[in-house]
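*Asks:* Got a structure here, written out as structure tokens. Questions coming.
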Amino acid sequence: MKYMVMIYNNADVWNALPLATHEAVWSEGGKRWQELVASGEGIMGEPLAPPNDSHVIRIRNGAADVTDGPFAETKEQFVGFLIIDVASEARALEIASSWPDAKYAAVEVRHINVSNGS
């Protein structure tokens, strides 16, 4: 079963943390990711560029409306993701709960609906 683990971060909270905490989170995340890859559960994972580097496109009245920055005014922004392939939802939740960002931010787990083309 494939899941997307989405990591959200509040920039104000993150930026208030000491650099040593940043480094610890990055290091622990890297180690956890290597464990997931080694077990065959880790498929893909990447951090995202800062939200202010994003663009949102909405088609309105047949024309593209392009907006810079995040799509919603919210304190938490989507900053990275993992794609995992695990035996159960319980395992996906276990992985998300052990992800270091969960100590400082929100981590969402969502099942990926895989279409068989029919």
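Here, A, B, ... name the chains of the structure tokens in the order displayed, residue numbers run from 1 inside each chain, and ligands are numbered from 1 in the same displayed order.
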DSSP on the backbone, then: every residue of chain A marked strand (DSSP E), written as number ranges by chain.
*Replies:* A: 2-10, 42-47, 55-60, 63-68, 76-85, 106-111
*Asks:* Would you save the residues from that selection as a short mmCIF file (atom, residue, chain, number, x, y, z; two decimals), in the first residue's frame, using N, CA and C atoms?
*Replies:*
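The new file out-v7.cif reads:
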data_model
loop_
_atom_site.label_atom_id
_atom_site.label_comp_id
_atom_site.auth_asym_id
_atom_site.auth_seq_id
_atom_site.Cartn_x
_atom_site.Cartn_y
_atom_site.Cartn_z
N LYS A 2 0.62 2.13 -0.93
CA LYS A 2 1.43 3.33 -1.04
C LYS A 2 0.77 4.49 -0.31
N TYR A 3 1.63 5.26 0.36
CA TYR A 3 1.19 6.44 1.09
C TYR A 3 2.11 7.61 0.78
N MET A 4 1.52 8.80 0.85
CA MET A 4 2.32 10.02 0.80
C MET A 4 2.35 10.56 2.23
N VAL A 5 3.53 10.83 2.70
CA VAL A 5 3.72 11.45 4.00
C VAL A 5 4.12 12.89 3.72
N MET A 6 3.24 13.82 4.08
CA MET A 6 3.47 15.23 3.79
C MET A 6 3.90 15.95 5.06
N ILE A 7 4.96 16.71 4.94
CA ILE A 7 5.54 17.41 6.08
C ILE A 7 5.20 18.90 5.96
N TYR A 8 4.60 19.43 7.01
CA TYR A 8 4.23 20.84 7.06
C TYR A 8 5.07 21.52 8.14
N ASN A 9 5.39 22.77 7.92
CA ASN A 9 6.26 23.48 8.84
C ASN A 9 5.75 24.90 9.02
N ASN A 10 5.83 25.40 10.24
CA ASN A 10 5.54 26.79 10.52
C ASN A 10 6.89 27.50 10.52
N GLY A 42 10.91 2.83 1.42
CA GLY A 42 11.11 4.20 0.94
C GLY A 42 11.19 4.23 -0.58
N ILE A 43 10.27 4.93 -1.22
CA ILE A 43 10.25 5.04 -2.68
C ILE A 43 10.86 6.35 -3.13
N MET A 44 10.41 7.44 -2.54
CA MET A 44 10.88 8.76 -2.94
C MET A 44 10.64 9.73 -1.80
N GLY A 45 11.52 10.68 -1.64
CA GLY A 45 11.33 11.72 -0.65
C GLY A 45 12.17 12.93 -1.02
N GLU A 46 11.60 14.11 -0.88
CA GLU A 46 12.32 15.33 -1.22
C GLU A 46 11.82 16.50 -0.39
N PRO A 47 12.73 17.40 -0.05
CA PRO A 47 12.29 18.68 0.52
C PRO A 47 11.83 19.56 -0.64
N HIS A 55 4.32 28.96 -7.25
CA HIS A 55 3.33 29.64 -8.09
C HIS A 55 2.06 28.80 -8.07
N VAL A 56 0.94 29.46 -8.02
CA VAL A 56 -0.36 28.79 -8.04
C VAL A 56 -1.08 29.22 -9.31
N ILE A 57 -1.60 28.25 -10.05
CA ILE A 57 -2.32 28.54 -11.29
C ILE A 57 -3.77 28.15 -11.11
N ARG A 58 -4.64 29.08 -11.44
CA ARG A 58 -6.08 28.83 -11.45
C ARG A 58 -6.61 29.30 -12.80
N ILE A 59 -7.39 28.47 -13.46
CA ILE A 59 -8.01 28.87 -14.72
C ILE A 59 -9.35 29.50 -14.38
N ARG A 60 -9.51 30.78 -14.73
CA ARG A 60 -10.74 31.52 -14.47
C ARG A 60 -11.17 32.19 -15.77
N ALA A 63 -8.86 31.83 -18.72
CA ALA A 63 -7.52 32.41 -18.67
C ALA A 63 -6.79 31.93 -17.42
N ALA A 64 -5.48 31.77 -17.56
CA ALA A 64 -4.67 31.37 -16.41
C ALA A 64 -4.41 32.56 -15.50
N ASP A 65 -4.72 32.37 -14.23
CA ASP A 65 -4.42 33.36 -13.20
C ASP A 65 -3.26 32.79 -12.40
N VAL A 66 -2.08 33.38 -12.53
CA VAL A 66 -0.89 32.87 -11.85
C VAL A 66 -0.58 33.78 -10.66
N THR A 67 -0.49 33.15 -9.49
CA THR A 67 -0.20 33.88 -8.26
C THR A 67 1.12 33.38 -7.70
N ASP A 68 1.95 34.28 -7.26
CA ASP A 68 3.20 33.90 -6.60
C ASP A 68 2.91 33.52 -5.15
N GLU A 76 1.19 27.10 8.62
CA GLU A 76 1.99 25.94 8.24
C GLU A 76 2.00 25.79 6.73
N GLN A 77 3.19 25.54 6.19
CA GLN A 77 3.37 25.38 4.75
C GLN A 77 3.90 23.98 4.46
N PHE A 78 3.52 23.45 3.32
CA PHE A 78 3.97 22.14 2.85
C PHE A 78 5.44 22.27 2.46
N VAL A 79 6.34 21.54 3.14
CA VAL A 79 7.77 21.73 2.91
C VAL A 79 8.49 20.49 2.38
N GLY A 80 7.84 19.33 2.40
CA GLY A 80 8.52 18.14 1.91
C GLY A 80 7.60 16.94 1.95
N PHE A 81 8.04 15.86 1.34
CA PHE A 81 7.20 14.68 1.28
C PHE A 81 8.03 13.41 1.17
N LEU A 82 7.38 12.31 1.50
CA LEU A 82 7.92 10.97 1.31
C LEU A 82 6.84 10.17 0.59
N ILE A 83 7.24 9.29 -0.28
CA ILE A 83 6.34 8.29 -0.84
C ILE A 83 6.85 6.97 -0.28
N ILE A 84 5.96 6.26 0.40
CA ILE A 84 6.35 5.00 1.01
C ILE A 84 5.42 3.89 0.54
N ASP A 85 5.91 2.69 0.54
CA ASP A 85 5.13 1.51 0.17
C ASP A 85 5.25 0.54 1.33
N ALA A 106 3.70 19.52 11.60
CA ALA A 106 2.65 18.54 11.33
C ALA A 106 3.09 17.60 10.21
N VAL A 107 2.75 16.34 10.36
CA VAL A 107 3.04 15.35 9.34
C VAL A 107 1.72 14.65 9.01
N GLU A 108 1.32 14.73 7.75
CA GLU A 108 0.06 14.15 7.30
C GLU A 108 0.34 12.88 6.50
N VAL A 109 -0.49 11.87 6.71
CA VAL A 109 -0.36 10.61 5.99
C VAL A 109 -1.62 10.44 5.15
N ARG A 110 -1.41 10.19 3.85
CA ARG A 110 -2.56 10.01 2.97
C ARG A 110 -2.30 8.85 2.03
N HIS A 111 -3.27 7.94 1.95
CA HIS A 111 -3.18 6.79 1.07
C HIS A 111 -3.19 7.27 -0.38
#
*Asks:* Step one, run DSSP on the backbone; step two, keep only residues of chain A assigned to alpha helix (DSSP H); then write them as number ranges by chain.
*Replies:* A: 11-16, 19-39, 89-98
*Asks:* Using only C-alpha atoms, which protein or nucleic acid residues come within 7 Å of stretch 21-26 of chain A? Drop anything in the same chain fewer than 3 positions from it, and give the result as a PyMOL selection string.
*Replies:* chain A and resi 17-18+29-30+100-101
*Asks:* Would you save the residues of that selection, restricted to N, CA, C and O atoms, as a compact mmCIF listing (two decimals), in the first residue's frame?
*Replies:*
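Done, and the output landed in again.txt:
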# COMPACT_ATOMS: atom_id res chain seq x y z
N LEU A 17 14.00 27.94 16.24
CA LEU A 17 14.77 26.83 16.79
C LEU A 17 16.25 27.06 16.58
O LEU A 17 16.67 27.63 15.57
N PRO A 18 17.08 26.59 17.50
CA PRO A 18 18.53 26.74 17.34
C PRO A 18 19.03 25.95 16.12
O PRO A 18 18.45 24.93 15.74
N GLY A 29 16.40 12.74 10.02
CA GLY A 29 15.58 12.46 8.84
C GLY A 29 16.35 11.69 7.79
O GLY A 29 15.83 10.75 7.18
N GLY A 30 17.60 12.06 7.58
CA GLY A 30 18.44 11.35 6.61
C GLY A 30 18.66 9.90 7.01
O GLY A 30 18.58 9.00 6.17
N PRO A 100 11.33 13.00 12.31
CA PRO A 100 11.76 14.04 13.26
C PRO A 100 10.98 15.34 13.17
O PRO A 100 10.80 16.03 14.19
N ASP A 101 10.48 15.70 12.01
CA ASP A 101 9.72 16.94 11.87
C ASP A 101 8.42 16.93 12.69
O ASP A 101 7.90 17.98 13.02
*Asks:* For A:Trp14, which residue out of A:Ala92, A:Asn52, A:Val114, A:Tyr104 is the nearest one, using only C-alpha atoms?
*Replies:*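 Answer, going by the shortest atom-to-atom distance: A:Tyr104.
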*Asks:* With distances taken over only C-alpha atoms, which residue among A:Trp33, A:Ala11, A:Pro51, A:Ala38 lies nearest A:Ile95?
*Replies:* A:Trp33
*Asks:* One number please: atom CA of A:Ala49 to atom CA of A:Gly69, in Å, one decimal.
*Replies:*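 Atom CA of A:Ala49 sits 10.9 Å away from atom CA of A:Gly69.
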*Asks:* Which residue out of A:Arg32, A:Ser27, A:Leu19, A:Gly62 has the minimum interatomic distance to A:Ser98 when only C-alpha atoms are used?
*Replies:* A:Arg32
*Asks:* Using only C-alpha atoms, which residue out of A:Ser54, A:Ser88, A:Ala105, A:Glu41 lies closest to A:Val13?
*Replies:*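 Ranked by minimum distance to A:Val13, first place goes to A:Ala105.
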